[in-house]
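The structure appears below as structure tokens.
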Amino acid sequence: MIKLENVKKVYPDGTEAVKGVNFEIKDGELCVLLGPSGCGKTTTMKMINRLIPITEGHIYIDGTDNRDMDENELRREMGYAIQEIGLFPHMTVAENISTVPTLKNWSAQEKEDRVRKLLGLMGMDPDEFAEKYPTELSGGQRQRVGVARSLGADPPIMLMDEPFGAIDPITRDRLQDEFLKIQDEIQKTIVFVTHDINEAIKMGDKVALLKDGELIQYSPPAELLAAPKNRFVRDFVGSDRTLKSLRLMKVDEAMKESPRVVKEDQDLASVGKIMNEEEVNYLIVVENGNKLKGWVNREDVEEVGAGTVADAMVTDTGAAEIGTSLADALTVMLERDVANLPVVDGDNNLQGLLTFHDLQSLIGETYTERGGKHPEVKK
Amino acid sequence: MEVWNYINGHWMTIGNWTLDHLWLILVSNSLAVFIGVTLGIFIAGKGREEIADTVLYLAGIMMTIPSLALFGLLMPFLSALNLPSIGFLPAVIALILYGQLPILRNTYTAIREVDPAMIEAGRGMGMTSRQILFKIKLPLAVPVIMAGLRNAVVINIGIATIAVFIGARGLGVPIFRGLRTSRMDMIITGAVFVSILALLADGLLALAEKKFTPEGLKK
């Protein structure tokens, strides 16, 4: 756990870069320090590994004041990845990755094993890349090696200063996804600096929004979007925060569980009755227990008149898999021009139903839950 | 033709002068590299910008002193210290001084210009200042330092001919003697051998420069 207690940074010329911030980062959590340039986010991060000395206050690493530790030992226990990547051009990929293990006097075998493991984790073939030099790599590969290097000696804590800042948006997006998957596996305590709100929302378990050296809001990204504390936060997260929060929420959170279903061989007359009972114009058809087969709607049922569900059923139904973001589900709905979307698991078993109406009320909730509507939305 | 005859008849002597010349260059430039690199690293340190300016300024001035005058200036200085004021020693000292600027300046510049991101990465990973110097700064500076050395050696091979005026031996001897006795063949012989030596040294050091450049910096 990292705990910042009234941490201040005042430069000799009197500039107050950080004005007494308090927050803590739990083990295994990815905490994003977010804010416009000059807000003190990088300074705050660098005080954690003492690259910048603290003027006042304390930073505790698992309960120990970081000023009571040897600064080099402290830094070797914290992975460090920076925007410019900072790979050493005169060292091979393997040598770069084993920088900290070398400082810690690991054996050659231990280092080699570690390099192979980390390159594998980054999706890079160790046989192909270990002996290459940074100049022989693409931007994305270099960034991956930079992250691998920060994981070199398997530190419990990682500090990352805009680690995906220097690459094109498409590669960045992919690296972010990869990194989130890796983080799921390695569960490091991470301090992640960025000025990009989208990156913050995507990556963070918690987001600390800073402005002029002060901590304005510290909360999970969903809360930052749903309940911005003040005008600055609202403006910073942007007027499209609804769309952003849809990206953050999963279909599981918004779907109706166990919706009414019908089977293929069911009589159409009974289907009409169920629709009336449920007050819906749409029913999902399942087979083999709970596998999604298709759907029937009222118009088709009435047109066909007599027969079984199979006669009126449409099988080409879109579906969203569990874990899909609401933004992606909404895209599917708009593309297919449907107001309802079945939610399935990986084996096509029906898990629930997402309706446009539910989405709408969810968005409404986001806006009215706390703080009221954004004035600009009224126009 | 006369030159050819002269070389043919005196190849032992010419060989000795060449060896003397080489020895002078080897001793003076080895010391110059040691002093220049050490001093260059020192003045490239944090908070030593003013010292660096002064040192580089002085080294610059040194280059503007005509070599003959520098030899002359060294003589009273060395006699005051009870050291031999003619011959090998003053020649070595003068050549060290002349070699300083290229070596010192290149070391200083190369170290100062190492990408700060790299130094920051090193610090952030827990390298001590010493480890940063030896593992990052110096390896990255090697090609530039080598270029400075190459420059210094080539300059000094030329200047060393003048050291004959203060009694040092080398390829300056046939030139000096030739001038006094109007023997064009001796002057040309000396000049040609100095040029060959300079070209060879330049080529060899270029190879060394390539060899010492870290693999990853070559592409």
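Numbering starts fresh at 1 for the residues of each chain in the structure tokens, the chains themselves are lettered A, B, ... in the order given, and ligands are numbered from 1 as they appear.
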Determine, using only C-alpha atoms, which residues of chain B have any atom at most 6 Å from an atom of chain A, and tabulate each with its shortest atom pair and distance in Å to one decimal place, rows ordered by chain and then rising number, as a tab-separated table.
```
residue	atom	partner	partner_atom	distance
B:Ala117	CA	A:Gly86	CA	5.1
B:Met118	CA	A:Gly86	CA	4.5
B:Ala121	CA	A:Gly86	CA	5.7
B:Gly124	CA	A:Tyr80	CA	5.9
B:Met125	CA	A:Arg75	CA	5.4
B:Gly126	CA	A:Asn72	CA	4.2
B:Pro214	CA	A:His90	CA	5.4
B:Gly216	CA	A:His90	CA	4.5
B:Leu217	CA	A:His90	CA	5.8
```
Quiz prompt | Arg177 of chain B environment, 10 Å, only C-alpha atoms, sequence neighbours closer than 3 positions dropped, as number ranges by chain | solution = B: 164, 172-174, 180-184, 186-187, 190
Just the selected residues (C-alpha atoms), exported as a PDB file, in the first residue's frame, please.
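Resulting contents of again06.pdb:
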```
ATOM      1  CA  VAL B 164      62.731  19.164 -32.726  1.00  0.00           C
ATOM      2  CA  GLY B 172      61.192  16.878 -37.362  1.00  0.00           C
ATOM      3  CA  VAL B 173      64.924  16.202 -37.432  1.00  0.00           C
ATOM      4  CA  PRO B 174      65.338  15.703 -41.235  1.00  0.00           C
ATOM      5  CA  ARG B 180      69.391  24.616 -42.355  1.00  0.00           C
ATOM      6  CA  THR B 181      71.414  22.975 -45.096  1.00  0.00           C
ATOM      7  CA  SER B 182      69.006  23.642 -47.983  1.00  0.00           C
ATOM      8  CA  ARG B 183      68.593  19.917 -48.565  1.00  0.00           C
ATOM      9  CA  MET B 184      65.220  19.617 -50.280  1.00  0.00           C
ATOM     10  CA  MET B 186      65.614  15.696 -46.481  1.00  0.00           C
ATOM     11  CA  ILE B 187      62.739  18.160 -46.061  1.00  0.00           C
ATOM     12  CA  GLY B 190      60.475  14.204 -43.388  1.00  0.00           C
TER      13      GLY B 190
END
```
Segment 17-23 of chain B surroundings by only C-alpha atoms, 10 Å radius, close-in-sequence under 3 positions cut, as a PDB file with C-alpha atoms, in the first residue's frame:
```
ATOM      1  CA  TRP B  11      66.232   3.955 -44.215  1.00  0.00           C
ATOM      2  CA  MET B  12      67.640   2.881 -40.830  1.00  0.00           C
ATOM      3  CA  THR B  13      67.888   6.480 -39.653  1.00  0.00           C
ATOM      4  CA  ILE B  14      64.490   7.372 -41.052  1.00  0.00           C
ATOM      5  CA  LEU B  26      51.992   7.460 -28.020  1.00  0.00           C
ATOM      6  CA  VAL B  27      53.195   8.739 -24.656  1.00  0.00           C
ATOM      7  CA  SER B  28      51.737  12.207 -24.967  1.00  0.00           C
ATOM      8  CA  ASN B  29      48.363  11.134 -26.346  1.00  0.00           C
ATOM      9  CA  PHE B  88      61.396  14.626 -24.566  1.00  0.00           C
ATOM     10  CA  VAL B  92      55.338  15.552 -24.228  1.00  0.00           C
ATOM     11  CA  ILE B 157      51.679  14.181 -35.333  1.00  0.00           C
ATOM     12  CA  ALA B 160      55.553  16.952 -32.945  1.00  0.00           C
ATOM     13  CA  THR B 161      57.816  17.832 -35.898  1.00  0.00           C
ATOM     14  CA  ALA B 163      59.386  19.716 -31.083  1.00  0.00           C
ATOM     15  CA  ALA B 168      63.091  16.225 -29.072  1.00  0.00           C
ATOM     16  CA  ARG B 169      63.823  13.550 -31.673  1.00  0.00           C
ATOM     17  CA  GLY B 170      61.468  12.495 -34.422  1.00  0.00           C
ATOM     18  CA  LEU B 171      60.616  13.207 -38.031  1.00  0.00           C
ATOM     19  CA  GLY B 172      61.192  16.878 -37.362  1.00  0.00           C
ATOM     20  CA  VAL B 173      64.924  16.202 -37.432  1.00  0.00           C
ATOM     21  CA  PRO B 174      65.338  15.703 -41.235  1.00  0.00           C
ATOM     22  CA  GLY B 190      60.475  14.204 -43.388  1.00  0.00           C
ATOM     23  CA  PHE B 193      56.793  10.381 -43.613  1.00  0.00           C
ATOM     24  CA  VAL B 194      54.886  12.714 -41.267  1.00  0.00           C
ATOM     25  CA  LEU B 197      52.110   8.592 -40.310  1.00  0.00           C
ATOM     26  CA  ALA B 201      47.073   6.916 -37.512  1.00  0.00           C
TER      27      ALA B 201
END
```
Quiz item: Distance atom CA of Ile167 of chain A-atom CA of His195 of chain A, one decimal place?
Solution: 14.7 Å
Quiz item: Using only C-alpha atoms, which residue out of A:Glu335, A:Ser325, A:Gly140, A:Gly165 lies closest to Ala254 of chain A?
Solution: A:Ser325
Practice problem: Name all residues at most 8 Å from Ile162 of chain B (count only C-alpha atoms; drop same-chain ones fewer than 4 positions away) and give them as a PyMOL selection string. | Solution: chain B and resi 67-68+158+172
Exercise. Would you please give, as JSON, numbers by chain, all residues of segment 232-319 of chain A that DSSP assigns to helix (DSSP H, G or I) based on the backbone?
Key: {"A": [232, 233, 234, 235, 236, 237, 241, 242, 243, 244, 245, 246, 247, 248, 251, 252, 253, 254, 268, 269, 270, 271, 272, 273, 274, 275, 276, 277, 278, 298, 299, 300, 301, 302, 303, 304, 309, 310, 311, 312]}
Same residues, N, CA and C atoms, output as a tab-separated table (two decimals), in the first residue's frame:
```tsv
chain	number	residue	atom	x	y	z
A	232	PHE	N	-14.72	22.20	-12.56
A	232	PHE	CA	-13.44	21.83	-13.18
A	232	PHE	C	-13.45	20.36	-13.60
A	233	VAL	N	-13.91	19.50	-12.70
A	233	VAL	CA	-13.93	18.07	-13.02
A	233	VAL	C	-14.86	17.82	-14.21
A	234	ARG	N	-16.02	18.46	-14.16
A	234	ARG	CA	-16.98	18.30	-15.25
A	234	ARG	C	-16.38	18.69	-16.58
A	235	ASP	N	-15.74	19.84	-16.59
A	235	ASP	CA	-15.13	20.32	-17.84
A	235	ASP	C	-14.00	19.40	-18.26
A	236	PHE	N	-13.24	18.93	-17.27
A	236	PHE	CA	-12.08	18.10	-17.61
A	236	PHE	C	-12.51	16.76	-18.19
A	237	VAL	N	-13.54	16.14	-17.61
A	237	VAL	CA	-13.96	14.85	-18.14
A	237	VAL	C	-14.68	15.02	-19.47
A	241	ARG	N	-19.27	12.84	-21.31
A	241	ARG	CA	-18.96	11.87	-20.26
A	241	ARG	C	-19.97	10.72	-20.22
A	242	THR	N	-21.19	10.94	-20.73
A	242	THR	CA	-22.15	9.84	-20.75
A	242	THR	C	-21.61	8.71	-21.63
A	243	LEU	N	-21.16	9.12	-22.80
A	243	LEU	CA	-20.62	8.13	-23.73
A	243	LEU	C	-19.42	7.43	-23.10
A	244	LYS	N	-18.59	8.24	-22.40
A	244	LYS	CA	-17.43	7.65	-21.73
A	244	LYS	C	-17.86	6.64	-20.69
A	245	SER	N	-18.94	6.98	-19.95
A	245	SER	CA	-19.32	6.04	-18.90
A	245	SER	C	-19.93	4.79	-19.51
A	246	LEU	N	-20.53	4.92	-20.71
A	246	LEU	CA	-21.04	3.71	-21.38
A	246	LEU	C	-19.89	2.78	-21.74
A	247	ARG	N	-18.74	3.38	-22.04
A	247	ARG	CA	-17.58	2.58	-22.37
A	247	ARG	C	-17.07	1.84	-21.14
A	248	LEU	N	-17.36	2.43	-20.01
A	248	LEU	CA	-16.85	1.90	-18.75
A	248	LEU	C	-17.74	0.80	-18.20
A	251	VAL	N	-22.31	-4.75	-20.14
A	251	VAL	CA	-23.71	-5.11	-20.36
A	251	VAL	C	-24.29	-5.83	-19.15
A	252	ASP	N	-23.44	-6.57	-18.44
A	252	ASP	CA	-23.93	-7.32	-17.27
A	252	ASP	C	-24.61	-6.40	-16.27
A	253	GLU	N	-24.11	-5.14	-16.21
A	253	GLU	CA	-24.63	-4.24	-15.19
A	253	GLU	C	-25.98	-3.65	-15.58
A	254	ALA	N	-26.32	-3.69	-16.85
A	254	ALA	CA	-27.54	-3.01	-17.28
A	254	ALA	C	-28.63	-3.97	-17.77
A	268	LEU	N	-47.91	-20.59	-31.65
A	268	LEU	CA	-47.86	-19.13	-31.78
A	268	LEU	C	-48.93	-18.42	-30.94
A	269	ALA	N	-50.07	-19.08	-30.79
A	269	ALA	CA	-51.15	-18.46	-30.01
A	269	ALA	C	-50.69	-18.20	-28.58
A	270	SER	N	-49.96	-19.19	-28.02
A	270	SER	CA	-49.51	-19.02	-26.64
A	270	SER	C	-48.45	-17.92	-26.55
A	271	VAL	N	-47.70	-17.77	-27.63
A	271	VAL	CA	-46.67	-16.72	-27.66
A	271	VAL	C	-47.32	-15.34	-27.57
A	272	GLY	N	-48.39	-15.16	-28.32
A	272	GLY	CA	-49.11	-13.90	-28.27
A	272	GLY	C	-49.58	-13.59	-26.86
A	273	LYS	N	-50.00	-14.65	-26.18
A	273	LYS	CA	-50.49	-14.46	-24.82
A	273	LYS	C	-49.36	-14.01	-23.89
A	274	ILE	N	-48.22	-14.67	-24.04
A	274	ILE	CA	-47.07	-14.30	-23.19
A	274	ILE	C	-46.68	-12.84	-23.43
A	275	MET	N	-46.68	-12.44	-24.71
A	275	MET	CA	-46.33	-11.05	-25.03
A	275	MET	C	-47.27	-10.09	-24.32
A	276	ASN	N	-48.57	-10.43	-24.34
A	276	ASN	CA	-49.54	-9.56	-23.68
A	276	ASN	C	-49.29	-9.52	-22.17
A	277	GLU	N	-49.02	-10.71	-21.62
A	277	GLU	CA	-48.76	-10.77	-20.17
A	277	GLU	C	-47.57	-9.91	-19.80
A	278	GLU	N	-46.51	-10.06	-20.57
A	278	GLU	CA	-45.25	-9.37	-20.25
A	278	GLU	C	-45.24	-7.93	-20.75
A	298	ARG	N	-44.01	-9.32	-32.34
A	298	ARG	CA	-45.47	-9.35	-32.40
A	298	ARG	C	-45.99	-9.28	-33.85
A	299	GLU	N	-45.45	-8.39	-34.63
A	299	GLU	CA	-45.90	-8.22	-36.02
A	299	GLU	C	-45.86	-9.54	-36.78
A	300	ASP	N	-44.71	-10.23	-36.69
A	300	ASP	CA	-44.55	-11.49	-37.40
A	300	ASP	C	-45.52	-12.54	-36.88
A	301	VAL	N	-45.66	-12.57	-35.57
A	301	VAL	CA	-46.57	-13.55	-34.97
A	301	VAL	C	-47.98	-13.33	-35.50
A	302	GLU	N	-48.42	-12.07	-35.54
A	302	GLU	CA	-49.77	-11.78	-35.99
A	302	GLU	C	-49.94	-12.07	-37.47
A	303	GLU	N	-48.90	-11.81	-38.25
A	303	GLU	CA	-48.97	-12.02	-39.69
A	303	GLU	C	-49.05	-13.50	-40.04
A	304	VAL	N	-48.21	-14.31	-39.40
A	304	VAL	CA	-48.20	-15.74	-39.66
A	304	VAL	C	-49.48	-16.38	-39.12
A	309	VAL	N	-43.59	-21.42	-33.25
A	309	VAL	CA	-42.63	-20.31	-33.18
A	309	VAL	C	-41.67	-20.37	-34.37
A	310	ALA	N	-41.26	-21.57	-34.73
A	310	ALA	CA	-40.30	-21.73	-35.81
A	310	ALA	C	-40.75	-21.03	-37.09
A	311	ASP	N	-42.06	-20.94	-37.32
A	311	ASP	CA	-42.58	-20.33	-38.55
A	311	ASP	C	-42.39	-18.82	-38.58
A	312	ALA	N	-42.39	-18.21	-37.43
A	312	ALA	CA	-42.33	-16.74	-37.38
A	312	ALA	C	-40.98	-16.21	-36.88
```
